[in-house]
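Structure file data12.txt (compact mmCIF, C-alpha atoms) follows.
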```
# COMPACT_ATOMS: atom_id res chain seq x y z
CA MET A 12 114.24 128.05 75.73
CA ALA A 13 112.60 131.34 75.02
CA HIS A 14 112.74 132.93 78.44
CA ASP A 15 115.33 135.57 79.12
CA HIS A 16 116.44 134.02 82.37
CA ASP A 17 117.23 130.75 80.66
CA ASP A 18 119.19 132.12 77.76
CA HIS A 19 122.46 132.70 79.52
CA GLU A 20 122.44 129.33 81.27
CA HIS A 21 123.81 127.59 78.27
CA GLY A 22 126.82 129.82 77.96
CA SER A 23 128.66 131.19 80.95
CA GLU A 24 126.55 129.41 83.56
CA LEU A 25 127.50 126.05 82.13
CA SER A 26 131.19 126.38 82.83
CA GLU A 27 130.53 128.22 86.08
CA MET A 28 128.29 125.38 87.22
CA GLN A 29 130.70 122.68 86.09
CA LEU A 30 133.37 124.25 88.27
CA ARG A 31 131.03 124.87 91.21
CA VAL A 32 129.67 121.33 91.26
CA ARG A 33 133.16 119.87 90.87
CA ALA A 34 134.37 121.98 93.80
CA LEU A 35 131.45 120.89 95.97
CA GLU A 36 131.88 117.21 95.08
CA THR A 37 135.61 117.39 95.83
CA VAL A 38 135.04 118.99 99.21
CA LEU A 39 132.30 116.50 100.18
CA ALA A 40 134.44 113.55 99.06
CA GLU A 41 137.55 114.80 100.87
CA LYS A 42 135.48 115.27 104.00
CA GLY A 43 134.47 111.62 103.71
CA TYR A 44 130.76 112.29 103.28
CA ILE A 45 130.30 110.87 99.79
CA ASP A 46 131.90 108.21 97.62
CA PRO A 47 132.34 109.37 94.00
CA ALA A 48 131.69 105.77 92.87
CA ALA A 49 128.23 106.02 94.44
CA ILE A 50 127.67 109.26 92.56
CA ASP A 51 128.49 107.42 89.30
CA ALA A 52 126.13 104.58 90.24
CA ILE A 53 123.25 106.96 91.00
CA ILE A 54 123.64 108.70 87.65
CA GLU A 55 123.81 105.42 85.79
CA ALA A 56 120.64 104.15 87.48
CA TYR A 57 118.64 107.27 86.67
CA GLU A 58 119.90 107.38 83.09
CA THR A 59 119.23 103.72 82.34
CA LYS A 60 117.00 101.86 84.81
CA VAL A 61 114.43 104.36 86.00
CA GLY A 62 112.15 105.85 83.39
CA PRO A 63 108.69 106.05 81.85
CA HIS A 64 109.08 102.62 80.25
CA ASN A 65 108.14 101.25 83.69
CA GLY A 66 104.96 103.31 83.85
CA ALA A 67 104.08 102.33 80.29
CA ARG A 68 104.17 98.66 81.27
CA VAL A 69 101.84 99.40 84.20
CA VAL A 70 99.36 101.19 81.95
CA ALA A 71 99.47 98.47 79.27
CA LYS A 72 98.79 95.83 81.93
CA ALA A 73 95.84 97.84 83.26
CA TRP A 74 94.43 98.13 79.74
CA SER A 75 94.70 94.36 79.28
CA ASP A 76 93.73 92.99 82.66
CA PRO A 77 90.60 94.34 84.41
CA ALA A 78 91.54 92.74 87.74
CA PHE A 79 94.95 94.44 87.64
CA LYS A 80 93.31 97.73 86.75
CA ARG A 81 91.04 97.50 89.79
CA ALA A 82 94.02 96.65 91.98
CA LEU A 83 95.97 99.58 90.51
CA ILE A 84 93.22 102.09 91.23
CA ASP A 85 92.70 100.58 94.68
CA ASP A 86 96.39 100.66 95.72
CA ALA A 87 98.92 101.47 93.03
CA SER A 88 101.95 100.88 95.28
CA LYS A 89 100.87 97.28 95.92
CA ALA A 90 99.70 96.61 92.38
CA VAL A 91 102.89 97.83 90.75
CA VAL A 92 105.05 95.74 93.05
CA ALA A 93 102.88 92.68 92.35
CA LEU A 94 103.53 93.22 88.66
CA GLY A 95 107.20 92.49 89.39
CA LEU A 96 108.62 95.36 87.34
CA MET A 97 110.33 96.89 90.32
CA ASN A 98 111.39 95.42 93.61
CA ARG A 99 109.43 98.03 95.47
CA VAL A 100 107.93 101.39 94.82
CA GLY A 101 107.34 104.02 97.42
CA ASP A 102 104.34 103.49 99.64
CA HIS A 103 102.31 106.38 98.37
CA LEU A 104 101.73 105.87 94.66
CA ILE A 105 98.21 106.66 93.43
CA ALA A 106 96.88 105.96 89.93
CA VAL A 107 94.02 108.12 88.65
CA GLU A 108 91.91 107.04 85.71
CA ASN A 109 90.90 109.10 82.70
CA THR A 110 87.43 108.52 81.26
CA PRO A 111 85.55 110.10 78.34
CA LYS A 112 84.11 112.57 80.88
CA LEU A 113 87.15 113.21 83.07
CA HIS A 114 90.75 114.10 82.28
CA ASN A 115 93.36 114.10 85.06
CA MET A 116 96.50 116.23 85.14
CA ILE A 117 99.37 116.06 87.66
CA VAL A 118 101.43 119.01 88.86
CA CYS A 119 103.58 120.07 91.79
CA THR A 120 103.08 123.81 92.16
CA LEU A 121 105.51 124.08 95.10
CA CYS A 122 108.51 122.20 93.73
CA SER A 123 108.86 119.17 91.46
CA CYS A 124 107.18 116.17 93.12
CA TYR A 125 106.76 113.43 90.54
CA PRO A 126 106.44 109.62 90.57
CA TRP A 127 110.09 108.83 89.85
CA GLU A 128 109.79 105.06 90.15
CA VAL A 129 107.27 104.75 87.35
CA LEU A 130 108.11 107.81 85.23
CA GLY A 131 111.78 108.54 85.92
CA LEU A 132 113.01 112.06 86.60
CA PRO A 133 110.65 114.85 85.56
CA PRO A 134 111.19 116.77 82.32
CA VAL A 135 112.36 120.39 82.48
CA TRP A 136 108.92 121.76 81.57
CA TYR A 137 107.30 119.93 84.53
CA LYS A 138 109.64 121.79 86.90
CA SER A 139 109.29 125.13 85.13
CA ALA A 140 107.44 128.22 86.29
CA PRO A 141 105.01 128.23 83.33
CA TYR A 142 103.73 124.73 84.11
CA ARG A 143 103.71 125.07 87.88
CA SER A 144 101.85 128.37 87.74
CA ARG A 145 99.28 127.59 85.06
CA ALA A 146 98.36 123.92 85.49
CA VAL A 147 96.05 124.70 88.40
CA ASN A 148 94.11 127.58 86.87
CA ASP A 149 94.42 127.10 83.12
CA PRO A 150 94.93 123.39 82.43
CA ARG A 151 93.16 123.63 79.08
CA GLY A 152 95.58 126.35 78.03
CA VAL A 153 98.48 124.17 79.17
CA LEU A 154 97.12 121.29 77.10
CA ALA A 155 97.02 123.62 74.11
CA ASP A 156 100.75 124.27 74.61
CA PHE A 157 101.17 120.52 74.14
CA GLY A 158 98.94 120.53 71.06
CA VAL A 159 96.21 118.65 72.91
CA GLU A 160 92.57 119.66 72.61
CA LEU A 161 89.96 117.83 74.67
CA PRO A 162 86.21 117.91 74.01
CA ALA A 163 84.65 120.98 75.66
CA ASP A 164 82.48 118.79 77.89
CA THR A 165 85.40 116.80 79.30
CA GLN A 166 85.95 117.83 82.91
CA ILE A 167 89.52 118.53 83.93
CA ARG A 168 90.77 117.48 87.33
CA VAL A 169 94.18 118.74 88.47
CA TRP A 170 96.10 116.97 91.24
CA ASP A 171 98.60 119.22 93.04
CA SER A 172 101.26 116.96 94.60
CA THR A 173 101.69 118.93 97.81
CA ALA A 174 102.69 115.97 100.03
CA GLU A 175 104.57 112.67 99.63
CA THR A 176 101.69 111.03 97.78
CA ARG A 177 102.62 110.60 94.12
CA PHE A 178 100.22 110.42 91.21
CA MET A 179 100.25 108.83 87.79
CA VAL A 180 97.48 109.09 85.22
CA LEU A 181 95.96 105.96 83.73
CA PRO A 182 95.07 107.24 80.25
CA MET A 183 92.28 105.81 78.10
CA ARG A 184 93.15 102.90 75.84
CA PRO A 185 93.16 104.09 72.24
CA ALA A 186 90.51 102.73 69.89
CA GLY A 187 91.61 100.21 67.31
CA THR A 188 93.92 98.27 69.64
CA GLU A 189 91.70 95.26 70.27
CA GLY A 190 93.73 92.09 70.63
CA TRP A 191 97.06 93.90 71.00
CA SER A 192 99.67 92.38 73.30
CA GLU A 193 100.71 94.25 76.42
CA GLU A 194 104.11 94.85 74.90
CA LYS A 195 102.62 96.40 71.81
CA LEU A 196 100.20 98.48 73.88
CA ALA A 197 103.07 99.77 76.03
CA GLY A 198 104.51 101.31 72.87
CA LEU A 199 101.49 103.63 72.73
CA VAL A 200 101.91 104.95 76.27
CA THR A 201 103.80 108.24 76.30
CA ARG A 202 105.29 109.81 79.39
CA ASP A 203 103.09 112.87 78.96
CA SER A 204 99.95 110.70 78.80
CA MET A 205 100.81 109.50 82.31
CA ILE A 206 101.20 113.10 83.55
CA GLY A 207 98.01 114.21 81.86
CA THR A 208 99.57 116.69 79.44
CA GLY A 209 99.31 114.29 76.53
CA LEU A 210 97.31 111.40 75.15
CA PRO A 211 98.55 107.94 74.22
CA LYS A 212 99.65 107.48 70.62
CA ARG A 213 97.07 106.19 68.18
CA PRO A 214 97.69 102.86 66.45
CA ASN A 215 98.60 104.65 63.22
CA GLU A 216 101.29 106.68 65.04
CA VAL A 217 103.54 103.70 65.81
CA MET B 11 106.91 130.72 103.70
CA ASP B 12 105.15 132.89 101.14
CA GLY B 13 108.04 132.48 98.72
CA ILE B 14 108.55 132.62 95.01
CA HIS B 15 108.47 128.80 94.88
CA ASP B 16 104.72 128.87 95.62
CA MET B 17 103.76 129.44 91.99
CA GLY B 18 100.28 128.00 91.63
CA GLY B 19 98.02 130.47 89.82
CA MET B 20 100.65 133.13 89.11
CA HIS B 21 100.48 134.91 85.76
CA GLY B 22 103.16 136.03 83.36
CA PHE B 23 105.50 133.05 83.03
CA GLY B 24 104.42 132.34 79.48
CA LYS B 25 103.89 129.13 77.60
CA VAL B 26 104.95 125.66 78.65
CA GLU B 27 107.71 124.54 76.33
CA PRO B 28 107.91 120.78 75.87
CA GLU B 29 111.24 119.51 74.59
CA PRO B 30 111.12 116.59 72.15
CA ASP B 31 113.40 113.66 73.05
CA GLU B 32 114.56 115.37 76.20
CA PRO B 33 117.67 113.80 77.80
CA VAL B 34 117.57 112.83 81.48
CA PHE B 35 120.27 115.42 82.16
CA HIS B 36 121.28 118.33 79.93
CA ALA B 37 124.88 118.56 81.15
CA ALA B 38 127.27 116.38 83.09
CA TRP B 39 127.20 118.80 86.04
CA GLU B 40 123.41 118.43 86.33
CA ALA B 41 123.78 114.68 86.73
CA ARG B 42 126.53 115.06 89.36
CA CYS B 43 124.58 117.76 91.20
CA PHE B 44 121.49 115.53 91.29
CA ALA B 45 123.47 112.55 92.55
CA LEU B 46 125.34 114.65 95.15
CA ASN B 47 122.00 115.72 96.58
CA ARG B 48 120.85 112.09 96.72
CA ALA B 49 124.06 110.89 98.34
CA MET B 50 124.07 113.70 100.91
CA GLY B 51 120.38 113.08 101.61
CA TYR B 52 121.30 109.48 102.36
CA THR B 53 123.68 110.53 105.14
CA GLY B 54 120.63 111.31 107.27
CA VAL B 55 121.82 114.75 108.33
CA TRP B 56 118.73 116.44 106.90
CA THR B 57 115.25 115.49 105.72
CA ILE B 58 113.59 115.87 102.32
CA ASP B 59 111.66 118.87 103.64
CA GLN B 60 114.82 120.57 104.88
CA GLY B 61 116.18 120.08 101.37
CA ARG B 62 113.07 121.69 99.88
CA ALA B 63 113.15 124.53 102.39
CA SER B 64 116.78 125.26 101.53
CA ARG B 65 115.82 125.83 97.89
CA GLU B 66 112.68 127.82 98.78
CA GLU B 67 114.75 130.17 100.90
CA LEU B 68 116.91 131.19 97.96
CA ARG B 69 116.37 134.87 97.22
CA PRO B 70 113.44 135.21 94.78
CA ASP B 71 115.55 136.84 92.06
CA ILE B 72 118.12 134.05 92.34
CA TYR B 73 115.40 131.37 92.42
CA LEU B 74 113.82 132.65 89.21
CA ALA B 75 117.11 133.19 87.41
CA SER B 76 118.50 129.75 88.22
CA SER B 77 117.91 126.55 86.30
CA TYR B 78 116.43 123.63 88.21
CA TYR B 79 119.69 121.91 89.00
CA LYS B 80 121.41 125.19 89.77
CA LYS B 81 118.78 125.61 92.52
CA TRP B 82 119.67 122.12 93.72
CA GLU B 83 123.34 123.08 93.80
CA LEU B 84 122.69 126.33 95.65
CA GLY B 85 120.32 124.60 98.07
CA LEU B 86 122.90 121.90 98.78
CA GLU B 87 125.62 124.49 99.43
CA ARG B 88 123.32 126.33 101.82
CA LEU B 89 122.57 123.18 103.82
CA VAL B 90 126.16 121.98 103.94
CA VAL B 91 127.34 125.36 105.20
CA ALA B 92 124.39 125.97 107.56
CA LEU B 93 124.87 122.58 109.23
CA GLY B 94 128.61 123.08 109.56
CA LEU B 95 129.55 120.17 107.30
CA ALA B 96 131.80 122.35 105.15
CA GLY B 97 132.77 126.00 105.03
CA ALA B 98 132.04 128.44 102.24
CA ASP B 99 135.80 128.99 102.16
CA GLU B 100 136.32 125.29 101.37
CA ILE B 101 133.76 125.30 98.56
CA ASP B 102 135.43 128.42 97.15
CA ALA B 103 138.84 126.73 97.43
CA GLY B 104 137.55 123.51 95.87
CA HIS B 105 139.22 121.46 98.60
CA ALA B 106 138.59 120.49 102.20
CA LEU B 107 140.62 122.72 104.50
CA ARG B 108 139.52 120.94 107.69
CA PRO B 109 138.59 117.35 108.55
CA GLY B 110 134.99 116.23 108.02
CA LYS B 111 132.46 115.48 110.74
CA ALA B 112 131.24 111.98 111.52
CA LEU B 113 127.86 111.51 109.79
CA PRO B 114 125.26 108.79 110.55
CA ARG B 115 125.92 106.91 107.30
CA LYS B 116 127.59 107.05 103.91
CA LEU B 117 126.23 105.76 100.63
CA ALA B 118 128.35 103.06 98.99
CA ALA B 119 127.97 102.30 95.28
CA ALA B 120 126.69 98.80 96.07
CA GLU B 121 123.86 100.30 98.14
CA VAL B 122 122.60 102.57 95.38
CA PRO B 123 119.96 100.14 93.96
CA LYS B 124 118.23 100.13 97.35
CA THR B 125 118.00 103.90 97.35
CA LEU B 126 115.97 103.94 94.13
CA THR B 127 112.88 103.19 96.19
CA ARG B 128 111.46 106.05 98.18
CA GLY B 129 111.20 105.59 101.88
CA SER B 130 107.84 105.61 103.58
CA PHE B 131 106.56 108.81 105.11
CA ALA B 132 103.69 107.03 106.91
CA ARG B 133 103.82 106.98 110.69
CA PRO B 134 101.62 105.57 113.47
CA ALA B 135 98.69 107.88 114.16
CA PRO B 136 98.79 109.72 117.47
CA ALA B 137 95.01 110.31 117.36
CA PRO B 138 91.97 109.36 115.26
CA ALA B 139 91.45 111.28 112.03
CA ARG B 140 89.35 114.40 112.53
CA PHE B 141 87.76 114.31 109.06
CA LYS B 142 86.35 111.65 106.77
CA PRO B 143 85.68 111.52 103.03
CA GLY B 144 82.72 113.72 102.15
CA ASP B 145 83.34 116.26 104.92
CA ARG B 146 83.34 119.93 103.97
CA VAL B 147 86.47 121.66 105.17
CA ARG B 148 88.00 125.11 104.99
CA THR B 149 91.74 125.46 104.63
CA ARG B 150 93.24 127.72 107.25
CA ASN B 151 94.54 131.13 106.29
CA ILE B 152 98.06 130.60 107.55
CA HIS B 153 101.23 132.42 106.54
CA PRO B 154 104.14 130.79 108.33
CA THR B 155 107.51 132.33 107.53
CA THR B 156 108.98 128.81 107.48
CA HIS B 157 108.32 125.75 105.27
CA THR B 158 104.72 124.72 104.66
CA ARG B 159 103.02 122.59 102.01
CA LEU B 160 99.74 124.50 101.98
CA PRO B 161 99.97 126.55 98.78
CA ARG B 162 98.82 130.17 98.87
CA TYR B 163 96.13 129.70 96.24
CA ALA B 164 94.39 127.14 98.44
CA ARG B 165 94.30 129.01 101.74
CA GLY B 166 90.97 130.06 103.26
CA LYS B 167 89.10 127.98 100.66
CA VAL B 168 86.20 125.57 101.12
CA GLY B 169 86.59 122.10 99.68
CA THR B 170 85.56 118.50 100.22
CA VAL B 171 87.62 115.73 101.73
CA GLU B 172 87.91 113.13 99.00
CA ALA B 173 90.28 110.60 100.54
CA LEU B 174 92.24 109.89 103.68
CA ARG B 175 95.85 109.03 102.76
CA GLY B 176 97.17 107.85 106.10
CA CYS B 177 99.19 109.58 108.78
CA HIS B 178 102.43 111.15 107.54
CA VAL B 179 105.49 113.07 108.69
CA PHE B 180 104.47 116.75 109.02
CA PRO B 181 106.66 118.90 106.73
CA ASP B 182 105.98 122.13 108.62
CA THR B 183 107.75 120.90 111.75
CA VAL B 184 110.31 118.47 110.36
CA ALA B 185 111.67 121.14 108.01
CA ILE B 186 112.66 123.35 110.93
CA GLY B 187 114.10 120.59 113.08
CA LYS B 188 111.09 120.39 115.39
CA GLY B 189 110.30 116.73 114.87
CA GLU B 190 108.06 114.62 112.68
CA HIS B 191 104.74 115.29 114.49
CA PRO B 192 102.80 112.85 112.25
CA GLN B 193 99.53 114.23 110.93
CA TRP B 194 96.63 112.80 108.97
CA LEU B 195 96.85 113.56 105.28
CA TYR B 196 93.80 114.15 103.09
CA THR B 197 93.10 114.73 99.43
CA VAL B 198 90.89 117.84 99.46
CA LEU B 199 89.01 118.74 96.30
CA PHE B 200 88.07 122.30 95.37
CA ALA B 201 85.86 123.67 92.64
CA GLY B 202 87.96 125.73 90.26
CA ARG B 203 85.67 128.71 90.88
CA GLU B 204 86.23 128.52 94.65
CA LEU B 205 89.93 129.04 93.94
CA TRP B 206 89.87 131.35 90.91
CA GLY B 207 86.41 132.88 90.75
CA GLU B 208 84.62 133.46 87.49
CA SER B 209 87.78 133.15 85.44
CA ALA B 210 87.91 129.39 85.99
CA GLU B 211 86.24 127.00 83.62
CA PRO B 212 83.00 125.94 85.42
CA SER B 213 83.78 122.21 85.51
CA LEU B 214 87.43 122.53 86.64
CA THR B 215 88.36 120.85 89.91
CA VAL B 216 91.72 121.00 91.68
CA SER B 217 92.90 118.94 94.64
CA ILE B 218 95.70 119.40 97.11
CA GLU B 219 97.15 116.95 99.60
CA ALA B 220 96.38 118.64 102.90
CA PHE B 221 97.70 117.81 106.35
CA GLU B 222 95.11 117.93 109.12
CA PRO B 223 96.48 121.09 110.78
CA TYR B 224 95.78 122.92 107.50
CA LEU B 225 92.05 122.20 107.80
CA GLU B 226 89.05 123.22 109.87
CA PRO B 227 85.41 122.15 109.55
CA ALA B 228 83.38 124.25 107.10
```

As structure tokens, how would this structure be written, given the file I've shared?
Amino acid sequence: MAHDHDDHEHGSELSEMQLRVRALETVLAEKGYIDPAAIDAIIEAYETKVGPHNGARVVAKAWSDPAFKRALIDDASKAVVALGLMNRVGDHLIAVENTPKLHNMIVCTLCSCYPWEVLGLPPVWYKSAPYRSRAVNDPRGVLADFGVELPADTQIRVWDSTAETRFMVLPMRPAGTEGWSEEKLAGLVTRDSMIGTGLPKRPNEV
Amino acid sequence: MDGIHDMGGMHGFGKVEPEPDEPVFHAAWEARCFALNRAMGYTGVWTIDQGRASREELRPDIYLASSYYKKWELGLERLVVALGLAGADEIDAGHALRPGKALPRKLAAAEVPKTLTRGSFARPAPAPARFKPGDRVRTRNIHPTTHTRLPRYARGKVGTVEALRGCHVFPDTVAIGKGEHPQWLYTVLFAGRELWGESAEPSLTVSIEAFEPYLEPA
């Protein structure tokens, strides 16, 4: 991390925060508000079960099955549940489709809203001031930070997640993947391609 | 509130720095802080918008100088103390000095899988929707000192209603304990140049999710 305000976090703040969080957890547990075993279970779930592998399966299915793709664009919450990957997702998931003429990018300028069920917890950069400030007025510059350059005539559409609706990008299927299985296609789908700050991998990249 | 959290369009924060192979958490305390927030949220003592407001109300210098999960820790402390669930003296001591209050519910480990799904924020509509897709609207130029989800960069701007997203809990009231007051929610699309003037790329469009009270006919 290059920013001044981040530099000291990894030294003194680390131990300070370890102690602070431990103190808070102890107080809340002794008060009877939380069960430390539940805390362990939450961490385990978010480290192992929830993550962008779920979203990648959704995208690969949409690339392979036109009826599913229509259902996904029509009502992503319903379509994802019907896929059987997750018992339920929240009621307000929306999938937005990239085309050769239109590139979608997702941000939450006010905090860190992000489609946890399909993408897991957001990366640090998604929650950072540089991304939250610039995605809405300089998305092409943000893409350059990710090493992504789109054709000049591709329109960019930014979705600011200012309510409980949650967005995921349906990226374009890479060329040269005809006849690929859904499983193999899912291996091309990066987390960033579902946020709109990246593109799927090309067949020669896997 | 017109706080430091409302970052859309600000300059000077520098480049976005992606981290290859980023872990879910960067330290054990981040994971525990995240999970503590989830478990305390489950008790039903506060709403998601009260949680957001508690972080937004951090002093701007503290907000900017704190990592993401440090903000979550500070926000959680603020709520716990403000609602009388624990004292600052107890957090400083690292132990409960007084008995806890009775809370509506407590998260057990076996219940955790159920909490991985977000709850629904949709509510029955108290009135028909005022706008429909295609309508031109102007966002109101409001500056409440309390929680709102209308970002500063999109106030007083003309856009087009693109979609109606149902009737949802209204963050502006629920965050200050004044009830859910369900409101219609719309995706409103703006031309980049309406928001940023000539500096925006001509074809850029930006949408926000706007609650009906944020909008008036244009």

For A:Asn148, list every protein, DNA or RNA residue within 7 Å, evaluated using all atoms listed in the file, and leave out those in the same chain fewer than 4 positions away; present the list as an mmCIF file with C-alpha atoms, in the coordinates of the input.
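Now in around17.cif:
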```
data_model
loop_
_atom_site.group_PDB
_atom_site.id
_atom_site.type_symbol
_atom_site.label_atom_id
_atom_site.label_comp_id
_atom_site.auth_asym_id
_atom_site.auth_seq_id
_atom_site.Cartn_x
_atom_site.Cartn_y
_atom_site.Cartn_z
ATOM 1 C CA GLY B 19 98.020 130.470 89.820
ATOM 2 C CA TRP B 206 89.870 131.350 90.910
ATOM 3 C CA ALA B 210 87.910 129.390 85.990
#
```

Original post:
Could you pull the residues within 7 Å of stretch 178-188 of chain A, counting all atoms listed in the file, minus those fewer than 4 positions along the same chain, as a list of chain:residue names?
Top reply: A:Val70, A:Trp74, A:Leu104, A:Ile105, A:Ala106, A:Val107, A:Glu108, A:Asn109, A:Thr110, A:Asn115, A:Ile117, A:Pro126, A:Ser204, A:Met205, A:Ile206, A:Gly207, A:Leu210, A:Pro211, A:Arg213, A:Pro214

Original post:
Which residue out of A:Glu27, A:Val38, A:Asp171, A:Tyr44 has the minimum interatomic distance to B:Gly51 when only C-alpha atoms are used?
Top reply: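 Smallest distance to B:Gly51 is found for A:Tyr44.
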
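The coordinates place atom CA of B:Thr170 at 7.5 Å from atom CA of B:Pro143.
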
**OP:** Pick out the closest residue to A:Tyr125 from this set: B:Arg128, B:Ile152, B:Gly166, B:Lys142. Count only C-alpha atoms.
**Re:**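 The closest residue to A:Tyr125 is B:Arg128.
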
Output as a compact mmCIF listing (two decimals) with C-alpha atoms, in the coordinates of the input the set of chain B residues within 6 Å of chain A, with distances taken over only C-alpha atoms.
```txt
# COMPACT_ATOMS: atom_id res chain seq x y z
CA HIS B 15 108.47 128.80 94.88
CA ASP B 16 104.72 128.87 95.62
CA MET B 17 103.76 129.44 91.99
CA GLY B 18 100.28 128.00 91.63
CA GLY B 19 98.02 130.47 89.82
CA MET B 20 100.65 133.13 89.11
CA PHE B 23 105.50 133.05 83.03
CA GLY B 24 104.42 132.34 79.48
CA LYS B 25 103.89 129.13 77.60
CA VAL B 26 104.95 125.66 78.65
CA PRO B 28 107.91 120.78 75.87
CA TRP B 39 127.20 118.80 86.04
CA ALA B 45 123.47 112.55 92.55
CA ALA B 75 117.11 133.19 87.41
CA ILE B 101 133.76 125.30 98.56
CA GLY B 104 137.55 123.51 95.87
CA HIS B 105 139.22 121.46 98.60
CA ALA B 106 138.59 120.49 102.20
CA PRO B 109 138.59 117.35 108.55
CA GLY B 110 134.99 116.23 108.02
CA ALA B 118 128.35 103.06 98.99
CA ALA B 119 127.97 102.30 95.28
CA THR B 127 112.88 103.19 96.19
CA ARG B 128 111.46 106.05 98.18
CA SER B 130 107.84 105.61 103.58
CA ARG B 159 103.02 122.59 102.01
CA SER B 213 83.78 122.21 85.51
CA LEU B 214 87.43 122.53 86.64
CA THR B 215 88.36 120.85 89.91
CA VAL B 216 91.72 121.00 91.68
CA SER B 217 92.90 118.94 94.64
CA ILE B 218 95.70 119.40 97.11
CA GLU B 219 97.15 116.95 99.60
```

Original post:
What lies within 9 Å of B:Asp145 using all atoms listed in the file, ignoring chain neighbours under 2 positions off, as a VMD selection string?
Top reply: chain B and resid 141 to 143 147 169 to 172 227 to 228

**OP:** Do a neighbour search on B:His191 at 7 Å with only C-alpha atoms, toss out local chain neighbours closer than 6 positions, and write the hits as a list in words.
**Re:** Val179, Phe180 and Thr183 of chain B

**OP:** Go ahead and compute the interatomic distance for atom CA of B:Glu87 and atom CA of B:Ile58, in Å to one decimal.
**Re:** 15.1 Å

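Pairwise distance (atom CA of B:Ala132, atom CA of A:Arg177) equals 13.3 Å.
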
Subject >> Test item: residues at most 6 Å from B:His178, only C-alpha atoms, excluding those fewer than 5 positions along its chain, as a list of chain:residue names >> reply: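 Residues meeting the cut-off are B:Phe131, B:Ala132, B:Arg133, B:Pro192, B:Gln193.
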
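Restricting the calculation to all atoms listed in the file, the smallest distance between B:Leu95 and any of B:Val55, B:Leu199, B:Glu121, B:Leu46 is found for B:Val55.
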
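For the choices B:Arg175, B:Pro30, B:Val91, B:Glu211, the atom-to-atom distance to A:Asp86 is smallest for B:Arg175 when using all atoms listed in the file.
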
Could stretch 125-138 of chain A be completed with N, CA and C atoms and returned as a PDB file, keeping the file's coordinate frame?
```pdb
ATOM      1  N   TYR A 125     107.002 114.162  91.777  1.00  0.00           N
ATOM      2  CA  TYR A 125     106.760 113.430  90.540  1.00  0.00           C
ATOM      3  C   TYR A 125     106.996 111.953  90.846  1.00  0.00           C
ATOM      4  N   PRO A 126     106.273 111.037  90.225  1.00  0.00           N
ATOM      5  CA  PRO A 126     106.440 109.620  90.570  1.00  0.00           C
ATOM      6  C   PRO A 126     107.656 108.995  89.885  1.00  0.00           C
ATOM      7  N   TRP A 127     108.830 109.249  90.452  1.00  0.00           N
ATOM      8  CA  TRP A 127     110.090 108.830  89.850  1.00  0.00           C
ATOM      9  C   TRP A 127     110.113 107.344  89.486  1.00  0.00           C
ATOM     10  N   GLU A 128     109.606 106.503  90.380  1.00  0.00           N
ATOM     11  CA  GLU A 128     109.790 105.060  90.150  1.00  0.00           C
ATOM     12  C   GLU A 128     109.104 104.598  88.885  1.00  0.00           C
ATOM     13  N   VAL A 129     107.983 105.192  88.555  1.00  0.00           N
ATOM     14  CA  VAL A 129     107.270 104.750  87.350  1.00  0.00           C
ATOM     15  C   VAL A 129     107.514 105.657  86.147  1.00  0.00           C
ATOM     16  N   LEU A 130     107.921 106.894  86.358  1.00  0.00           N
ATOM     17  CA  LEU A 130     108.110 107.810  85.230  1.00  0.00           C
ATOM     18  C   LEU A 130     109.541 108.322  85.072  1.00  0.00           C
ATOM     19  N   GLY A 131     110.419 108.006  85.994  1.00  0.00           N
ATOM     20  CA  GLY A 131     111.780 108.540  85.920  1.00  0.00           C
ATOM     21  C   GLY A 131     111.834 109.961  86.454  1.00  0.00           C
ATOM     22  N   LEU A 132     112.891 110.672  86.145  1.00  0.00           N
ATOM     23  CA  LEU A 132     113.010 112.060  86.600  1.00  0.00           C
ATOM     24  C   LEU A 132     112.133 112.956  85.734  1.00  0.00           C
ATOM     25  N   PRO A 133     111.583 114.012  86.323  1.00  0.00           N
ATOM     26  CA  PRO A 133     110.650 114.850  85.560  1.00  0.00           C
ATOM     27  C   PRO A 133     111.345 115.666  84.472  1.00  0.00           C
ATOM     28  N   PRO A 134     110.628 115.922  83.375  1.00  0.00           N
ATOM     29  CA  PRO A 134     111.190 116.770  82.320  1.00  0.00           C
ATOM     30  C   PRO A 134     111.317 118.223  82.800  1.00  0.00           C
ATOM     31  N   VAL A 135     112.120 118.995  82.096  1.00  0.00           N
ATOM     32  CA  VAL A 135     112.360 120.390  82.480  1.00  0.00           C
ATOM     33  C   VAL A 135     111.042 121.168  82.551  1.00  0.00           C
ATOM     34  N   TRP A 136     110.159 120.960  81.575  1.00  0.00           N
ATOM     35  CA  TRP A 136     108.920 121.760  81.570  1.00  0.00           C
ATOM     36  C   TRP A 136     108.082 121.500  82.813  1.00  0.00           C
ATOM     37  N   TYR A 137     108.112 120.263  83.339  1.00  0.00           N
ATOM     38  CA  TYR A 137     107.300 119.930  84.530  1.00  0.00           C
ATOM     39  C   TYR A 137     107.746 120.751  85.736  1.00  0.00           C
ATOM     40  N   LYS A 138     109.050 121.067  85.769  1.00  0.00           N
ATOM     41  CA  LYS A 138     109.640 121.790  86.900  1.00  0.00           C
ATOM     42  C   LYS A 138     109.664 123.294  86.669  1.00  0.00           C
TER      43      LYS A 138
END
```
